[in-house]
file protein30.txt (compact mmCIF, C-alpha atoms)
# COMPACT_ATOMS: atom_id res chain seq x y z
CA MET A 25 -63.72 -47.53 23.60
CA LEU A 26 -65.81 -45.01 25.56
CA PHE A 27 -66.84 -45.51 29.19
CA PHE A 28 -69.73 -43.63 30.75
CA PHE A 29 -70.07 -43.09 34.48
CA VAL A 30 -73.18 -41.93 36.30
CA ILE A 31 -72.15 -39.15 38.70
CA ASN A 32 -73.93 -36.21 40.22
CA SER A 33 -73.78 -32.92 38.37
CA ALA A 34 -71.68 -31.12 41.02
CA VAL A 35 -68.88 -33.67 40.82
CA PHE A 36 -69.12 -33.69 37.04
CA ASN A 37 -68.78 -29.90 36.84
CA ASN A 38 -65.85 -29.95 39.26
CA LEU A 39 -64.02 -32.54 37.20
CA ILE A 40 -64.64 -30.57 34.01
CA MET A 41 -63.17 -27.41 35.55
CA LYS A 42 -60.09 -29.26 36.78
CA ASN A 43 -59.52 -30.79 33.35
CA ILE A 44 -59.90 -27.39 31.70
CA LEU A 45 -57.35 -25.89 34.11
CA VAL A 46 -54.93 -28.75 33.48
CA CYS A 47 -55.30 -28.29 29.72
CA ILE A 48 -54.75 -24.54 30.01
CA CYS A 49 -51.63 -25.00 32.15
CA PHE A 50 -50.27 -27.67 29.80
CA GLY A 51 -50.98 -25.41 26.84
CA ILE A 52 -49.13 -22.51 28.48
CA ILE A 53 -46.12 -24.74 29.21
CA MET A 54 -46.06 -26.06 25.65
CA LEU A 55 -46.41 -22.55 24.22
CA SER A 56 -43.56 -21.36 26.42
CA CYS A 57 -41.35 -24.22 25.29
CA LYS A 58 -42.29 -23.57 21.68
CA ASN A 59 -41.41 -19.89 22.04
CA GLU A 60 -37.99 -20.81 23.45
CA VAL A 61 -37.34 -23.16 20.55
CA ASP A 62 -38.63 -20.61 18.02
CA GLN A 63 -36.38 -17.93 19.51
CA ASP A 64 -33.39 -20.20 18.98
CA LEU A 65 -34.48 -20.95 15.41
CA VAL A 66 -35.19 -17.37 14.36
CA PHE A 67 -33.02 -16.64 11.35
CA VAL A 68 -30.79 -13.59 11.73
CA THR A 69 -29.82 -13.21 8.10
CA THR A 70 -32.04 -12.03 5.27
CA PRO A 71 -30.77 -13.07 1.81
CA ALA A 72 -32.62 -10.20 0.16
CA GLU A 73 -30.49 -7.77 2.20
CA TYR A 74 -27.06 -9.12 1.31
CA ALA A 75 -27.75 -10.61 -2.15
CA PHE A 76 -27.09 -7.27 -3.86
CA PHE A 77 -23.62 -7.05 -2.33
CA LEU A 78 -22.74 -10.50 -3.63
CA GLU A 79 -23.78 -9.51 -7.13
CA GLU A 80 -22.08 -6.09 -7.01
CA ASN A 81 -18.68 -5.73 -8.73
CA PRO A 82 -16.46 -7.82 -6.41
CA THR A 83 -13.24 -6.06 -7.48
CA LYS A 84 -14.31 -2.41 -7.44
CA SER A 85 -12.04 -1.43 -4.52
CA TYR A 86 -9.19 -3.52 -5.91
CA THR A 87 -9.47 -1.89 -9.34
CA ALA A 88 -9.47 1.57 -7.76
CA ALA A 89 -6.37 0.73 -5.69
CA LEU A 90 -4.65 -0.69 -8.78
CA LYS A 91 -5.29 2.53 -10.73
CA GLU A 92 -3.97 4.49 -7.76
CA LYS A 93 -0.83 2.37 -7.64
CA ASP A 94 -0.23 2.80 -11.37
CA PHE A 95 -0.72 6.57 -11.11
CA TRP A 96 1.81 7.03 -8.31
CA SER A 97 4.26 4.62 -9.93
CA ARG A 98 4.25 6.75 -13.09
CA ARG A 99 4.63 9.90 -10.99
CA LEU A 100 7.57 8.46 -9.15
CA GLY A 101 9.49 7.31 -12.19
CA ALA A 102 12.12 4.62 -12.28
CA ASP A 103 15.02 6.73 -10.98
CA SER A 104 13.31 9.43 -8.94
CA THR A 105 13.44 9.58 -5.15
CA GLY A 106 10.12 11.49 -5.24
CA VAL A 107 9.61 11.30 -1.49
CA GLY A 108 6.19 12.94 -1.73
CA ASP A 109 5.00 10.18 -4.06
CA LEU A 110 6.36 7.26 -2.04
CA GLY A 111 3.76 7.50 0.72
CA PRO A 112 0.73 7.39 -1.59
CA LEU A 113 2.32 4.55 -3.58
CA ALA A 114 2.89 2.49 -0.44
CA GLY A 115 -0.66 3.26 0.68
CA ALA A 116 -1.98 1.99 -2.66
CA TYR A 117 -0.03 -1.26 -2.23
CA SER A 118 -1.52 -1.64 1.26
CA ARG A 119 -5.06 -1.19 -0.11
CA LEU A 120 -4.33 -3.73 -2.84
CA PHE A 121 -3.46 -6.23 -0.13
CA GLU A 122 -6.61 -5.42 1.81
CA THR A 123 -8.87 -5.83 -1.21
CA ASN A 124 -7.14 -8.76 -2.92
CA GLY A 125 -5.32 -10.66 -0.17
CA ASN A 126 -2.10 -11.13 -2.15
CA ILE A 127 0.72 -11.02 0.41
CA GLN A 128 3.14 -9.66 -2.22
CA TYR A 129 1.34 -6.32 -2.10
CA LEU A 130 1.99 -6.01 1.64
CA LYS A 131 5.67 -6.77 1.09
CA ASP A 132 5.78 -4.20 -1.75
CA ALA A 133 4.34 -1.60 0.60
CA GLU A 134 7.07 -2.46 3.13
CA THR A 135 9.77 -1.91 0.51
CA VAL A 136 8.36 1.48 -0.49
CA TYR A 137 8.00 2.67 3.12
CA LYS A 138 11.62 1.71 3.83
CA LYS A 139 12.75 3.69 0.79
CA ALA A 140 10.69 6.67 1.93
CA ILE A 141 12.31 6.57 5.38
CA SER A 142 15.77 6.46 3.82
CA VAL A 143 15.25 9.59 1.72
CA ALA A 144 12.83 11.62 3.86
CA SER A 145 13.81 14.63 5.93
CA ILE A 146 13.64 14.34 9.71
CA LYS A 147 10.33 16.24 9.79
CA ILE A 148 8.44 13.74 7.65
CA LYS A 149 10.45 10.58 8.42
CA ASP A 150 8.30 10.02 11.52
CA GLY A 151 5.08 9.57 9.52
CA TYR A 152 6.69 6.97 7.28
CA THR A 153 8.07 5.20 10.33
CA ARG A 154 4.58 4.80 11.80
CA ALA A 155 3.31 3.59 8.44
CA LEU A 156 6.06 0.98 8.30
CA ALA A 157 5.24 -0.07 11.87
CA LYS A 158 1.59 -0.54 10.83
CA ASN A 159 2.80 -2.68 7.94
CA TYR A 160 4.83 -4.80 10.36
CA ILE A 161 1.79 -5.22 12.60
CA SER A 162 -0.17 -6.52 9.61
CA GLN A 163 2.63 -9.04 9.07
CA HIS A 164 2.56 -10.01 12.77
CA ARG A 165 6.10 -8.70 13.18
CA PHE A 166 5.10 -7.09 16.44
CA LYS A 167 8.50 -6.89 18.10
CA GLU A 168 10.00 -5.15 15.09
CA ALA A 169 7.11 -2.70 15.03
CA THR A 170 7.55 -2.01 18.74
CA ALA A 171 11.30 -1.38 18.42
CA LEU A 172 10.71 0.93 15.46
CA LEU A 173 8.11 2.99 17.31
CA GLU A 174 10.10 3.22 20.55
CA THR A 175 13.12 4.51 18.65
CA SER A 176 10.94 7.00 16.80
CA PHE A 177 9.25 8.15 20.01
CA ALA A 178 12.63 8.88 21.58
CA GLY A 179 13.55 11.16 18.68
CA VAL A 180 11.72 13.79 16.65
CA SER A 181 8.18 12.46 16.37
CA ASN A 182 4.48 13.06 16.78
CA LYS A 183 4.32 11.79 20.36
CA GLN A 184 0.55 11.32 20.49
CA ALA A 185 0.32 9.35 17.24
CA THR A 186 3.32 7.22 18.15
CA GLN A 187 1.94 6.44 21.60
CA LEU A 188 -1.33 5.28 20.09
CA MET A 189 0.52 2.77 17.94
CA LEU A 190 2.77 1.75 20.83
CA PHE A 191 -0.38 0.83 22.76
CA ASP A 192 -1.38 -1.44 19.86
CA CYS A 193 2.03 -3.11 19.84
CA TYR A 194 2.21 -3.55 23.60
CA MET A 195 -1.18 -5.27 23.55
CA GLU A 196 0.01 -7.65 20.84
CA ILE A 197 3.21 -8.70 22.62
CA GLY A 198 1.65 -8.94 26.07
CA PHE A 199 3.21 -5.84 27.66
CA TYR A 200 -0.09 -4.96 29.33
CA ASP A 201 1.39 -2.77 32.07
CA LYS A 202 3.06 -0.58 29.45
CA ALA A 203 -0.12 -0.51 27.39
CA GLU A 204 -2.13 0.67 30.41
CA ARG A 205 0.41 3.41 31.19
CA VAL A 206 0.21 4.67 27.62
CA LEU A 207 -3.59 4.64 27.77
CA LYS A 208 -3.61 6.79 30.92
CA LYS A 209 -1.26 9.32 29.31
CA ILE A 210 -3.46 9.81 26.26
CA GLU A 211 -6.88 9.68 27.98
CA ASN A 212 -9.47 11.72 26.09
CA LEU A 213 -13.04 10.48 25.85
CA THR A 214 -13.77 12.83 22.97
CA ASP A 215 -10.96 11.51 20.79
CA TYR A 216 -11.77 8.75 18.28
CA ASN A 217 -8.32 7.16 18.44
CA TYR A 218 -8.41 6.99 22.24
CA LEU A 219 -11.94 5.54 22.28
CA ILE A 220 -11.14 2.62 20.00
CA ARG A 221 -8.17 1.76 22.19
CA ILE A 222 -9.96 2.03 25.53
CA SER A 223 -12.55 -0.20 23.89
CA LYS A 224 -9.88 -2.77 23.09
CA TRP A 225 -8.50 -2.50 26.62
CA SER A 226 -11.98 -3.05 28.10
CA ASP A 227 -12.43 -6.16 25.95
CA HIS A 228 -9.04 -7.42 27.11
CA LYS A 229 -10.15 -6.98 30.73
CA GLY A 230 -13.32 -8.97 30.06
CA GLN A 231 -15.56 -5.87 30.18
CA LEU A 232 -17.35 -6.40 26.88
CA PRO A 233 -20.36 -4.11 27.57
CA ALA A 234 -17.93 -1.26 28.31
CA ALA A 235 -15.98 -2.08 25.14
CA ILE A 236 -19.19 -1.76 23.13
CA ARG A 237 -20.11 1.55 24.80
CA TYR A 238 -16.74 3.06 23.91
CA MET A 239 -16.98 1.76 20.36
CA GLU A 240 -20.46 3.26 20.04
CA LYS A 241 -18.99 6.64 21.03
CA ALA A 242 -16.25 6.18 18.43
CA LYS A 243 -18.93 5.31 15.87
CA ASN A 244 -20.75 8.55 16.62
CA ILE A 245 -17.57 10.52 15.99
CA ALA A 246 -16.87 8.65 12.74
CA GLU A 247 -20.42 9.37 11.57
CA SER A 248 -20.28 13.04 12.60
CA ARG A 249 -17.12 13.43 10.51
CA ASN A 250 -18.75 11.45 7.69
CA SER A 251 -15.42 9.67 7.26
CA LEU A 252 -15.84 6.65 4.97
CA SER A 253 -12.71 4.84 6.19
CA LEU A 254 -13.48 5.43 9.87
CA LYS A 255 -17.08 4.31 9.49
CA ILE A 256 -16.08 1.11 7.70
CA TRP A 257 -13.45 0.28 10.32
CA THR A 258 -15.78 1.09 13.22
CA TYR A 259 -18.80 -0.76 11.85
CA THR A 260 -16.86 -4.01 11.31
CA ASN A 261 -15.26 -3.85 14.74
CA ILE A 262 -18.47 -3.03 16.58
CA ALA A 263 -20.13 -5.87 14.67
CA ASP A 264 -17.49 -8.23 16.07
CA TYR A 265 -18.06 -6.97 19.59
CA TYR A 266 -21.81 -7.42 19.33
CA GLY A 267 -21.29 -10.93 18.02
CA HIS A 268 -19.02 -11.77 20.95
CA ASN A 269 -21.63 -10.38 23.31
CA GLY A 270 -24.40 -12.55 21.85
CA ASN A 271 -26.29 -9.76 20.09
CA ILE A 272 -26.03 -11.44 16.71
CA LYS A 273 -28.75 -9.36 15.09
CA ALA A 274 -26.85 -6.16 15.89
CA ALA A 275 -23.65 -7.71 14.53
CA TYR A 276 -25.44 -8.60 11.30
CA THR A 277 -26.89 -5.08 11.03
CA TYR A 278 -23.43 -3.51 11.23
CA TYR A 279 -21.98 -5.90 8.66
CA ILE A 280 -24.80 -4.83 6.32
CA LYS A 281 -24.08 -1.16 7.09
CA THR A 282 -20.44 -1.80 6.17
CA LEU A 283 -21.43 -3.33 2.83
CA GLU A 284 -23.69 -0.36 2.11
CA LEU A 285 -20.55 1.77 2.27
CA GLN A 286 -18.21 -0.71 0.58
CA PRO A 287 -20.09 -3.50 -1.25
CA ASP A 288 -16.94 -5.57 -1.81
CA ASN A 289 -15.76 -5.52 1.81
CA ALA A 290 -14.47 -9.06 2.36
CA TYR A 291 -14.42 -8.85 6.15
CA ALA A 292 -18.11 -7.96 6.41
CA LYS A 293 -19.07 -10.73 3.99
CA LYS A 294 -17.17 -13.28 6.06
CA GLY A 295 -18.91 -11.96 9.15
CA ILE A 296 -22.28 -12.63 7.52
CA ALA A 297 -21.06 -16.05 6.36
CA TRP A 298 -20.15 -16.92 9.97
CA ILE A 299 -23.63 -15.90 11.16
CA LEU A 300 -25.18 -18.09 8.45
CA TYR A 301 -23.07 -21.00 9.69
CA SER A 302 -22.97 -20.60 13.45
CA LYS A 303 -26.45 -19.14 14.09
CA ASP A 304 -28.66 -19.97 11.11
CA TYR A 305 -26.96 -23.32 10.30
CA ASN A 306 -27.32 -22.57 6.60
CA ILE A 307 -24.25 -24.39 5.29
CA SER A 308 -25.08 -24.16 1.58
CA GLU A 309 -25.49 -20.38 1.76
CA THR A 310 -22.31 -20.03 3.82
CA ASN A 311 -20.41 -21.97 1.17
CA ARG A 312 -21.95 -19.85 -1.58
CA ILE A 313 -20.74 -16.60 0.01
CA LEU A 314 -17.25 -17.99 0.58
CA ASP A 315 -17.00 -19.29 -2.98
CA ILE A 316 -17.95 -15.88 -4.38
CA LEU A 317 -15.51 -14.16 -2.04
CA MET A 318 -12.60 -16.52 -2.68
CA ALA A 319 -12.86 -16.05 -6.44
CA THR A 320 -11.31 -12.58 -6.08
CA HIS A 321 -9.91 -12.46 -2.53
CA GLN A 322 -7.78 -15.39 -1.45
CA VAL A 323 -6.35 -15.62 2.03
CA PRO A 324 -5.34 -18.83 3.85
CA GLU A 325 -7.91 -18.66 6.66
CA ASP A 326 -10.81 -18.95 4.20
CA TYR A 327 -9.75 -22.52 3.43
CA LEU A 328 -9.88 -23.30 7.15
CA PHE A 329 -13.44 -21.97 7.21
CA LYS A 330 -14.31 -24.22 4.26
CA ALA A 331 -12.67 -27.18 6.03
CA GLN A 332 -14.78 -26.49 9.12
CA LEU A 333 -17.96 -26.48 7.03
CA ALA A 334 -16.94 -29.80 5.47
CA ARG A 335 -16.28 -31.34 8.89
CA TYR A 336 -19.65 -30.13 10.10
CA GLN A 337 -21.20 -32.05 7.20
CA ASP A 338 -19.04 -35.13 7.97
CA ASN A 339 -17.20 -34.78 4.66
CA ALA A 340 -13.71 -35.81 5.75
CA VAL A 341 -12.30 -35.93 2.22
CA ALA A 342 -13.33 -32.36 1.42
CA ALA A 343 -12.12 -31.14 4.81
CA ASP A 344 -8.71 -32.71 4.20
CA ASN A 345 -8.48 -31.13 0.75
CA TYR A 346 -9.27 -27.68 2.16
CA LEU A 347 -6.63 -28.15 4.85
CA LYS A 348 -4.08 -28.99 2.17
CA ALA A 349 -5.07 -25.87 0.25
CA PHE A 350 -4.65 -23.82 3.44
CA PHE A 351 -1.11 -25.08 4.01
CA THR A 352 -0.19 -24.64 0.33
CA LEU A 353 -1.05 -20.96 0.63
CA ALA A 354 0.01 -20.31 4.24
CA ASN A 355 3.43 -21.93 3.78
CA ASN A 356 4.41 -19.17 1.34
CA PRO A 357 7.61 -17.77 2.95
CA LEU A 358 6.31 -14.23 2.45
CA TYR A 359 3.72 -14.82 5.17
CA GLY A 360 6.43 -15.41 7.78
CA SER A 361 4.71 -16.03 11.13
CA MET A 362 1.36 -14.52 10.15
CA TYR A 363 -0.46 -17.85 10.21
CA ASN A 364 1.37 -19.68 12.99
CA SER A 365 -1.64 -19.75 15.32
CA HIS A 366 -3.87 -21.09 12.53
CA LYS A 367 -1.27 -23.74 11.68
CA ILE A 368 -1.02 -24.82 15.31
CA LYS A 369 -4.76 -25.48 15.56
CA ALA A 370 -4.79 -27.21 12.17
CA LEU A 371 -1.83 -29.48 13.05
CA VAL A 372 -2.57 -30.31 16.68
CA LYS A 373 -4.26 -33.63 15.82
CA SER A 374 -2.45 -34.66 12.63
CA ASP A 375 1.09 -33.62 13.63
CA PRO A 376 1.16 -32.61 17.32
CA GLU A 377 4.97 -32.46 17.50
CA LYS A 378 5.10 -29.92 14.67
CA ALA A 379 2.27 -27.99 16.30
CA LEU A 380 4.25 -27.92 19.56
CA ALA A 381 7.34 -26.57 17.78
CA LEU A 382 5.27 -23.81 16.19
CA ALA A 383 3.66 -22.97 19.54
CA LYS A 384 7.07 -22.54 21.13
CA GLN A 385 8.08 -20.28 18.24
CA GLU A 386 4.95 -18.18 18.77
CA ILE A 387 5.82 -17.74 22.46
CA LYS A 388 9.13 -16.23 21.34
CA ASN A 389 7.30 -13.92 18.94
CA ARG A 390 4.79 -12.76 21.56
CA ALA A 391 4.33 -14.31 24.97
CA THR A 392 0.64 -13.64 25.64
CA PRO A 393 -2.23 -15.66 27.13
CA GLN A 394 -3.41 -16.14 23.52
CA THR A 395 -0.18 -17.92 22.57
CA TYR A 396 0.20 -19.77 25.88
CA HIS A 397 -3.18 -21.48 25.63
CA LEU A 398 -2.10 -22.82 22.23
CA LEU A 399 1.15 -24.02 23.77
CA ALA A 400 -0.86 -25.83 26.46
CA LEU A 401 -3.06 -27.40 23.79
CA THR A 402 -0.02 -28.79 21.96
CA GLN A 403 1.53 -29.99 25.22
CA LEU A 404 -1.68 -31.86 25.94
CA ALA A 405 -1.64 -33.35 22.43
CA THR A 406 1.94 -34.59 22.96
CA ASN A 407 1.04 -36.42 26.20
CA GLN A 408 2.39 -33.72 28.52
CA LYS A 409 -0.82 -33.07 30.41
CA GLU A 410 0.94 -32.07 33.66
CA LEU A 411 3.12 -29.55 31.83
CA ALA A 412 0.04 -28.28 29.99
CA LEU A 413 -1.63 -27.71 33.39
CA VAL A 414 1.37 -25.69 34.59
CA THR A 415 1.18 -23.56 31.44
CA ILE A 416 -2.52 -22.88 31.94
CA GLU A 417 -2.22 -22.10 35.64
CA ASN A 418 0.78 -19.79 35.24
CA PHE A 419 0.05 -17.97 32.00
CA VAL A 420 -3.64 -18.29 31.07
CA ASP A 421 -5.93 -18.71 34.08
CA GLY A 422 -7.40 -15.37 35.13
CA LYS A 423 -5.50 -13.51 32.41
CA ILE A 424 -7.86 -13.89 29.44
CA THR A 425 -11.58 -14.26 28.79
CA GLU A 426 -11.35 -15.30 25.14
CA PRO A 427 -13.69 -18.31 24.64
CA MET A 428 -11.19 -20.48 22.76
CA ALA A 429 -8.62 -19.97 25.51
CA LEU A 430 -11.22 -21.00 28.11
CA PHE A 431 -12.13 -24.06 26.04
CA HIS A 432 -8.52 -25.19 25.75
CA SER A 433 -8.08 -24.57 29.48
CA ALA A 434 -11.10 -26.79 30.14
CA LEU A 435 -9.57 -29.57 28.03
CA VAL A 436 -6.37 -29.39 30.07
CA TYR A 437 -8.27 -29.39 33.38
CA LYS A 438 -10.34 -32.37 32.26
CA ALA A 439 -7.23 -34.34 31.28
CA ASN A 440 -5.82 -33.67 34.76
CA GLY A 441 -9.00 -34.72 36.56
CA LEU A 442 -9.94 -31.22 37.75
CA GLN A 443 -13.63 -31.58 37.00
CA GLU A 444 -14.77 -28.73 39.26
CA LYS A 445 -12.71 -26.28 37.22
CA VAL A 446 -14.04 -27.84 34.03
CA LEU A 447 -17.64 -27.24 35.13
CA VAL A 448 -16.92 -23.59 35.95
CA LEU A 449 -15.50 -23.00 32.47
CA LYS A 450 -18.24 -25.04 30.82
CA LYS A 451 -20.83 -22.76 32.39
CA ALA A 452 -18.96 -19.70 31.13
CA LEU A 453 -18.62 -21.15 27.63
CA VAL A 454 -22.33 -21.83 27.16
CA THR A 455 -22.86 -18.20 26.14
CA SER A 456 -19.98 -18.29 23.63
CA THR A 457 -21.12 -21.09 21.32
CA PHE A 458 -21.88 -18.67 18.47
CA GLU A 459 -18.34 -17.31 18.54
CA LEU A 460 -16.81 -20.79 18.73
CA GLY A 461 -19.03 -22.46 16.16
CA PRO A 462 -21.19 -25.61 16.18
CA ILE A 463 -18.32 -28.12 16.17
CA VAL A 464 -16.68 -26.72 19.30
CA ALA A 465 -20.13 -26.15 20.84
CA ALA A 466 -20.75 -29.89 20.58
CA GLN A 467 -17.37 -30.56 22.25
CA ILE A 468 -18.24 -28.16 25.06
CA ALA A 469 -21.43 -30.12 25.73
CA GLU A 470 -19.29 -33.24 26.24
CA LEU A 471 -16.88 -31.66 28.74
call {"tool": "encode", "arguments": {"input": "protein30.txt", "output": "structure tokens"}}
result
Amino acid sequence: MLFFFVINSAVFNNLIMKNILVCICFGIIMLSCKNEVDQDLVFVTTPAEYAFFLEENPTKSYTAALKEKDFWSRRLGADSTGVGDLGPLAGAYSRLFETNGNIQYLKDAETVYKKAISVASIKIKDGYTRALAKNYISQHRFKEATALLETSFAGVSNKQATQLMLFDCYMEIGFYDKAERVLKKIENLTDYNYLIRISKWSDHKGQLPAAIRYMEKAKNIAESRNSLSLKIWTYTNIADYYGHNGNIKAAYTYYIKTLELQPDNAYAKKGIAWILYSKDYNISETNRILDILMATHQVPEDYLFKAQLARYQDNAVAADNYLKAFFTLANNPLYGSMYNSHKIKALVKSDPEKALALAKQEIKNRATPQTYHLLALTQLATNQKELALVTIENFVDGKITEPMALFHSALVYKANGLQEKVLVLKKALVTSTFELGPIVAAQIAEL
């Protein structure tokens, strides 16, 4: 129904102007809100960009590594020591592991490196020792790698190269003072190997922008050398850093650049899959990429990713089946302790006592803030909230900025009624929801 009022023209004009202004202001507010929502919904990924790499021969790198392995095996011969052939053969086994995921290849590389060390002269034994140490690092046998490198460093060795790897080992086992001393000894801002390590150190200290700057410098060096292996390694790592820092578009760009160099790079494809899941919320496309990848490259953690996708879609049966598949693969004795941290997180609800036992074992392997926050999580799950608080306060708080560690710390603080500390961490975690994923993001909102 319409109502008409008789008013003088001045009042009428005044009212019209006020209404127009109100409408304009309301429109601006709504447009602003819409822009904020649209920004959040802007898709990072472009299927047309990565589709080619999914269709490209998914085993090209694996086939090349297999041919390489066969070539050096024939060169070596069944009874020959052939020390010059042992290194390339072990390297081929390592690449087979990287491209296929079969843990047996990594163990085969270990066997060959050990044989090379046993027959090599003192002058070349050092190089094989570092290669074996790298193999141990891949197997998460960090203490063995450290002992091997320290012994080598004390003898006839390439001091610079050995120190670089010692830095890596010290970071993994939590010997941060030693790692920092090594870093100061080898400081050289024009050296690629130094730059990638000062980048890692900066990330450890919570200085992510600095970590990215150093990695950008390393990228420039890799590109100036036109080194395929260095560019691939640098692009995937800088992509991770950008993702952690919230620049998801840059992360995606570097994963694409990696695939342009190596179309069957599994790590880059999983990086894109995570963006599809955690930023674009495109679960069907995430599953499609993982299914294509897992057909030729099977590693236990991929089943955990699939389980997470199933949980996100409230498919408990599928999630449980993927968890079973994870444990079937990860419980292979050849993996040793490689998947302990994954097992802990997977078991903490279904079998907290077993998760606690594994967490204690991990502390023995490497006592770091990364392992202590998992110990605290399992202590909390086994009704030891006070002990969990002691663990967090003594070994985690102020020693790590990793989002999952902060989230687990918040859970422990909440259980102990320390809501002020919870709110501080909750505020810090708001910017890390992409890295943690939608499921944990929802749990953060409920803290």
call {"tool": "residues_around", "arguments": {"input": "protein30.txt", "residues": "segment 145-159 of chain A", "least_positions_apart": "6", "cutoff": "10 Å", "atoms": "all atoms listed in the file", "output": "PDB file with C-alpha atoms, keeping the file's coordinate frame"}}
result
ATOM      1  CA  VAL A 107       9.610  11.300  -1.490  1.00  0.00           C
ATOM      2  CA  GLY A 108       6.190  12.940  -1.730  1.00  0.00           C
ATOM      3  CA  LEU A 110       6.360   7.260  -2.040  1.00  0.00           C
ATOM      4  CA  GLY A 111       3.760   7.500   0.720  1.00  0.00           C
ATOM      5  CA  ALA A 114       2.890   2.490  -0.440  1.00  0.00           C
ATOM      6  CA  GLY A 115      -0.660   3.260   0.680  1.00  0.00           C
ATOM      7  CA  SER A 118      -1.520  -1.640   1.260  1.00  0.00           C
ATOM      8  CA  LEU A 130       1.990  -6.010   1.640  1.00  0.00           C
ATOM      9  CA  LYS A 131       5.670  -6.770   1.090  1.00  0.00           C
ATOM     10  CA  ALA A 133       4.340  -1.600   0.600  1.00  0.00           C
ATOM     11  CA  GLU A 134       7.070  -2.460   3.130  1.00  0.00           C
ATOM     12  CA  THR A 135       9.770  -1.910   0.510  1.00  0.00           C
ATOM     13  CA  VAL A 136       8.360   1.480  -0.490  1.00  0.00           C
ATOM     14  CA  TYR A 137       8.000   2.670   3.120  1.00  0.00           C
ATOM     15  CA  LYS A 138      11.620   1.710   3.830  1.00  0.00           C
ATOM     16  CA  LYS A 139      12.750   3.690   0.790  1.00  0.00           C
ATOM     17  CA  ARG A 165       6.100  -8.700  13.180  1.00  0.00           C
ATOM     18  CA  PHE A 166       5.100  -7.090  16.440  1.00  0.00           C
ATOM     19  CA  LYS A 167       8.500  -6.890  18.100  1.00  0.00           C
ATOM     20  CA  GLU A 168      10.000  -5.150  15.090  1.00  0.00           C
ATOM     21  CA  ALA A 169       7.110  -2.700  15.030  1.00  0.00           C
ATOM     22  CA  THR A 170       7.550  -2.010  18.740  1.00  0.00           C
ATOM     23  CA  ALA A 171      11.300  -1.380  18.420  1.00  0.00           C
ATOM     24  CA  LEU A 172      10.710   0.930  15.460  1.00  0.00           C
ATOM     25  CA  LEU A 173       8.110   2.990  17.310  1.00  0.00           C
ATOM     26  CA  THR A 175      13.120   4.510  18.650  1.00  0.00           C
ATOM     27  CA  SER A 176      10.940   7.000  16.800  1.00  0.00           C
ATOM     28  CA  PHE A 177       9.250   8.150  20.010  1.00  0.00           C
ATOM     29  CA  GLY A 179      13.550  11.160  18.680  1.00  0.00           C
ATOM     30  CA  VAL A 180      11.720  13.790  16.650  1.00  0.00           C
ATOM     31  CA  SER A 181       8.180  12.460  16.370  1.00  0.00           C
ATOM     32  CA  ASN A 182       4.480  13.060  16.780  1.00  0.00           C
ATOM     33  CA  LYS A 183       4.320  11.790  20.360  1.00  0.00           C
ATOM     34  CA  ALA A 185       0.320   9.350  17.240  1.00  0.00           C
ATOM     35  CA  THR A 186       3.320   7.220  18.150  1.00  0.00           C
ATOM     36  CA  MET A 189       0.520   2.770  17.940  1.00  0.00           C
ATOM     37  CA  LEU A 190       2.770   1.750  20.830  1.00  0.00           C
ATOM     38  CA  ASP A 192      -1.380  -1.440  19.860  1.00  0.00           C
ATOM     39  CA  CYS A 193       2.030  -3.110  19.840  1.00  0.00           C
TER      40      CYS A 193
END
call {"tool": "residues_around", "arguments": {"input": "protein30.txt", "residues": "segment 305-321 of chain A", "least_positions_apart": "4", "cutoff": "10 Å", "atoms": "all atoms listed in the file", "output": "number ranges by chain"}}
result
A: 65, 67, 69, 71, 74-75, 78-79, 82-83, 86, 121-126, 288-291, 293-294, 296-301, 326-327, 329-330, 333-334, 336-337, 461-462
call {"tool": "residues_around", "arguments": {"input": "protein30.txt", "residues": "segment 354-362 of chain A", "least_positions_apart": "3", "cutoff": "8 Å", "atoms": "all atoms listed in the file", "output": "ChimeraX atom specification"}}
result
/A:127-128,131,163-165,324,350-351,365,386
call {"tool": "residues_around", "arguments": {"input": "protein30.txt", "residues": "segment 424-428 of chain A", "least_positions_apart": "3", "cutoff": "12 Å", "atoms": "only C-alpha atoms", "output": "PyMOL selection string"}}
result
chain A and resi 198+200+225-232+268-269+369+392-398+401+416-421+431-435+449-461+464-465+467-468
call {"tool": "closest_residue", "arguments": {"input": "protein30.txt", "among": "A:Tyr218, A:Ile262, A:Tyr129, A:Gly106", "to": "Lys93 of chain A", "atoms": "only C-alpha atoms"}}
result
A:Tyr129
call {"tool": "atom_distance", "arguments": {"input": "protein30.txt", "atom1": "atom CA of Glu73 of chain A", "atom2": "atom CA of Asn261 of chain A"}}
result
20.1 Å
call {"tool": "closest_residue", "arguments": {"input": "protein30.txt", "among": "A:Phe95, A:Tyr363, A:Tyr265, A:Tyr160", "to": "Pro233 of chain A", "atoms": "all atoms listed in the file"}}
result
A:Tyr265
call {"tool": "atom_distance", "arguments": {"input": "protein30.txt", "atom1": "atom CA of Glu92 of chain A", "atom2": "atom CA of Leu120 of chain A"}}
result
9.6 Å
call {"tool": "atom_distance", "arguments": {"input": "protein30.txt", "atom1": "atom CA of Glu196 of chain A", "atom2": "atom CA of Ile210 of chain A"}}
result
18.6 Å
call {"tool": "closest_residue", "arguments": {"input": "protein30.txt", "among": "A:Thr70, A:Asn244, A:Ser85, A:Ser223", "to": "Arg119 of chain A", "atoms": "only C-alpha atoms"}}
result
A:Ser85
call {"tool": "decode", "arguments": {"input": "protein30.txt", "residues": "segment 432-437 of chain A", "atoms": "C-alpha atoms", "output": "short mmCIF file (atom, residue, chain, number, x, y, z; two decimals), in the first residue's frame"}}
result
data_model
loop_
_atom_site.label_atom_id
_atom_site.label_comp_id
_atom_site.auth_asym_id
_atom_site.auth_seq_id
_atom_site.Cartn_x
_atom_site.Cartn_y
_atom_site.Cartn_z
CA HIS A 432 48.38 -28.54 19.87
CA SER A 433 49.72 -26.09 22.45
CA ALA A 434 46.36 -24.29 22.39
CA LEU A 435 44.54 -27.58 23.00
CA VAL A 436 46.72 -28.26 26.04
CA TYR A 437 46.23 -24.73 27.40
#
